[in-house]
$ cat my_file_15.pdb   # PDB, C-alpha atoms
ATOM      1  CA  ARG R   1      23.696  27.832  27.238
ATOM      2  CA  LYS R   2      27.317  28.297  26.268
ATOM      3  CA  GLU R   3      28.380  24.788  27.252
ATOM      4  CA  ASN R   4      28.964  25.847  30.861
ATOM      5  CA  GLU R   5      27.415  23.923  33.736
ATOM      6  CA  PHE R   6      25.665  25.751  36.573
ATOM      7  CA  VAL R   7      23.417  24.763  39.435
ATOM      8  CA  LEU R   8      21.086  27.641  40.261
ATOM      9  CA  GLY R   9      17.656  27.510  41.854
ATOM     10  CA  PRO R  10      15.202  29.587  39.788
ATOM     11  CA  THR R  11      12.443  29.003  42.360
ATOM     12  CA  HIS R  12      12.282  27.680  45.898
ATOM     13  CA  GLU R  13       8.844  26.101  46.303
ATOM     14  CA  GLU R  14      10.400  22.732  47.147
ATOM     15  CA  ALA R  15      12.580  24.290  49.851
ATOM     16  CA  MET R  16       9.563  26.017  51.425
ATOM     17  CA  LEU R  17       7.556  22.779  51.403
ATOM     18  CA  SER R  18      10.456  20.983  53.025
ATOM     19  CA  LEU R  19      10.670  23.726  55.653
ATOM     20  CA  VAL R  20       7.025  23.481  56.736
ATOM     21  CA  LYS R  21       6.102  19.843  56.103
ATOM     22  CA  ASN R  22       6.962  18.744  59.644
ATOM     23  CA  LYS R  23       6.104  22.054  61.312
ATOM     24  CA  ILE R  24       2.399  22.236  60.444
ATOM     25  CA  THR R  25       0.676  19.601  62.551
ATOM     26  CA  SER R  26      -2.822  21.098  62.742
ATOM     27  CA  TYR R  27      -5.164  23.192  60.620
ATOM     28  CA  LYS R  28      -5.162  25.613  63.564
ATOM     29  CA  GLN R  29      -1.652  26.690  62.511
ATOM     30  CA  LEU R  30      -3.039  27.851  59.173
ATOM     31  CA  PRO R  31      -3.002  30.107  57.291
ATOM     32  CA  LEU R  32       0.765  30.446  57.225
ATOM     33  CA  HIS R  33       2.572  33.040  55.112
ATOM     34  CA  LEU R  34       6.299  32.905  54.434
ATOM     35  CA  TYR R  35       8.381  35.398  52.499
ATOM     36  CA  GLN R  36      11.815  35.293  50.995
ATOM     37  CA  ILE R  37      13.906  38.050  49.484
ATOM     38  CA  GLY R  38      16.909  36.955  47.481
ATOM     39  CA  LEU R  39      18.714  36.785  44.197
ATOM     40  CA  LYS R  40      17.006  34.997  41.313
ATOM     41  CA  PHE R  41      18.610  33.772  38.153
ATOM     42  CA  ARG R  42      17.263  33.401  34.631
ATOM     43  CA  ASP R  43      18.960  32.614  31.358
ATOM     44  CA  GLU R  44      16.427  33.678  28.765
ATOM     45  CA  ALA R  45      17.398  34.097  25.144
ATOM     46  CA  ARG R  46      15.572  37.419  24.908
ATOM     47  CA  PRO R  47      13.386  39.548  27.156
ATOM     48  CA  ARG R  48       9.612  39.382  26.830
ATOM     49  CA  PHE R  49       7.148  42.227  26.473
ATOM     50  CA  GLY R  50       9.880  44.703  25.529
ATOM     51  CA  LEU R  51      11.344  44.823  29.031
ATOM     52  CA  LEU R  52      15.029  44.508  29.751
ATOM     53  CA  ARG R  53      15.664  41.547  32.006
ATOM     54  CA  CYS R  54      18.952  40.773  33.693
ATOM     55  CA  ARG R  55      20.177  37.268  34.359
ATOM     56  CA  GLU R  56      20.466  38.010  38.060
ATOM     57  CA  PHE R  57      17.970  40.124  40.000
ATOM     58  CA  LEU R  58      16.561  40.654  43.486
ATOM     59  CA  MET R  59      13.033  39.338  44.018
ATOM     60  CA  LYS R  60      10.570  38.943  46.888
ATOM     61  CA  ASP R  61       8.601  35.700  46.887
ATOM     62  CA  GLY R  62       5.590  34.857  48.983
ATOM     63  CA  TYR R  63       4.385  31.386  49.907
ATOM     64  CA  SER R  64       1.139  30.622  51.693
ATOM     65  CA  PHE R  65      -0.363  27.472  53.150
ATOM     66  CA  HIS R  66      -4.101  27.006  53.766
ATOM     67  CA  ALA R  67      -6.540  24.520  55.247
ATOM     68  CA  ASN R  68      -8.951  24.709  52.303
ATOM     69  CA  GLU R  69      -9.851  26.660  49.160
ATOM     70  CA  GLU R  70     -12.174  29.012  51.038
ATOM     71  CA  ASP R  71      -9.310  30.046  53.307
ATOM     72  CA  LEU R  72      -7.035  30.432  50.274
ATOM     73  CA  GLY R  73      -9.561  32.731  48.576
ATOM     74  CA  ARG R  74     -10.045  34.872  51.674
ATOM     75  CA  GLU R  75      -6.304  35.243  52.266
ATOM     76  CA  PHE R  76      -5.648  35.966  48.587
ATOM     77  CA  GLU R  77      -8.154  38.831  48.623
ATOM     78  CA  LEU R  78      -6.592  40.242  51.792
ATOM     79  CA  MET R  79      -3.107  40.001  50.284
ATOM     80  CA  TYR R  80      -4.292  41.603  47.030
ATOM     81  CA  LYS R  81      -5.863  44.545  48.867
ATOM     82  CA  THR R  82      -2.794  44.999  51.060
ATOM     83  CA  TYR R  83      -0.359  45.092  48.143
ATOM     84  CA  SER R  84      -2.693  47.335  46.133
ATOM     85  CA  GLN R  85      -2.650  49.890  48.966
ATOM     86  CA  ILE R  86       1.128  49.676  49.325
ATOM     87  CA  LEU R  87       1.746  50.144  45.595
ATOM     88  CA  GLN R  88      -0.692  53.029  45.043
TER
END
$ encode --input "my_file_15.pdb" --output "structure tokens"
Amino acid sequence: RKENEFVLGPTHEEAMLSLVKNKITSYKQLPLHLYQIGLKFRDEARPRFGLLRCREFLMKDGYSFHANEEDLGREFELMYKTYSQILQ
């Protein structure tokens, strides 16, 4: 943004896919949930929705792998209910 060059990973979906692509050999290993907590980086011109946003922040990401859409839907609902209870 100010003529400086940086290499920062804003997301890590590719890394997670690389991690599991040779590990999942059967649908019986699914669903699989992976989590990552780490620093994220953004370089936005201005914050959205009136919130202050730093360029560097700690964030928890979740990645899930499923055999089919039905499994995805079931696991999503379970995850939604779990986080709703935690955050109440």
$ atom_distance --input "my_file_15.pdb" --atom1 "atom CA of Arg42 of chain R" --atom2 "atom CA of Thr11 of chain R"
10.1 Å
$ resolve_selection --input "my_file_15.pdb" --expression "the PyMOL selection byres ((chain R and resi 12-14) around 12)" --output "list in words"
Leu8, Gly9, Pro10, Thr11, Ala15, Met16, Leu17, Ser18, Leu19, Val20, Lys21, Leu34, Tyr35, Gln36, Ile37, Gly38, Leu39, Lys40, Phe41, Met59, Lys60, Asp61, Gly62, Tyr63, Ser64 and Phe65 of chain R
$ write_last_selection --input "my_file_15.pdb" --atoms "C-alpha atoms" --output "short mmCIF file (atom, residue, chain, number, x, y, z; two decimals), in the frame of the given file"
data_model
loop_
_atom_site.label_atom_id
_atom_site.label_comp_id
_atom_site.auth_asym_id
_atom_site.auth_seq_id
_atom_site.Cartn_x
_atom_site.Cartn_y
_atom_site.Cartn_z
CA LEU R 8 21.09 27.64 40.26
CA GLY R 9 17.66 27.51 41.85
CA PRO R 10 15.20 29.59 39.79
CA THR R 11 12.44 29.00 42.36
CA ALA R 15 12.58 24.29 49.85
CA MET R 16 9.56 26.02 51.42
CA LEU R 17 7.56 22.78 51.40
CA SER R 18 10.46 20.98 53.02
CA LEU R 19 10.67 23.73 55.65
CA VAL R 20 7.02 23.48 56.74
CA LYS R 21 6.10 19.84 56.10
CA LEU R 34 6.30 32.90 54.43
CA TYR R 35 8.38 35.40 52.50
CA GLN R 36 11.82 35.29 51.00
CA ILE R 37 13.91 38.05 49.48
CA GLY R 38 16.91 36.96 47.48
CA LEU R 39 18.71 36.78 44.20
CA LYS R 40 17.01 35.00 41.31
CA PHE R 41 18.61 33.77 38.15
CA MET R 59 13.03 39.34 44.02
CA LYS R 60 10.57 38.94 46.89
CA ASP R 61 8.60 35.70 46.89
CA GLY R 62 5.59 34.86 48.98
CA TYR R 63 4.38 31.39 49.91
CA SER R 64 1.14 30.62 51.69
CA PHE R 65 -0.36 27.47 53.15
#
$ atom_distance --input "my_file_15.pdb" --atom1 "atom CA of His66 of chain R" --atom2 "atom CA of Tyr27 of chain R"
7.9 Å
$ closest_residue --input "my_file_15.pdb" --among "R:Ala67, R:Leu72, R:Met79, R:Leu87" --to "Lys28 of chain R" --atoms "all atoms listed in the file"
R:Ala67
$ atom_distance --input "my_file_15.pdb" --atom1 "atom CA of Asp71 of chain R" --atom2 "atom CA of Ile24 of chain R"
15.8 Å
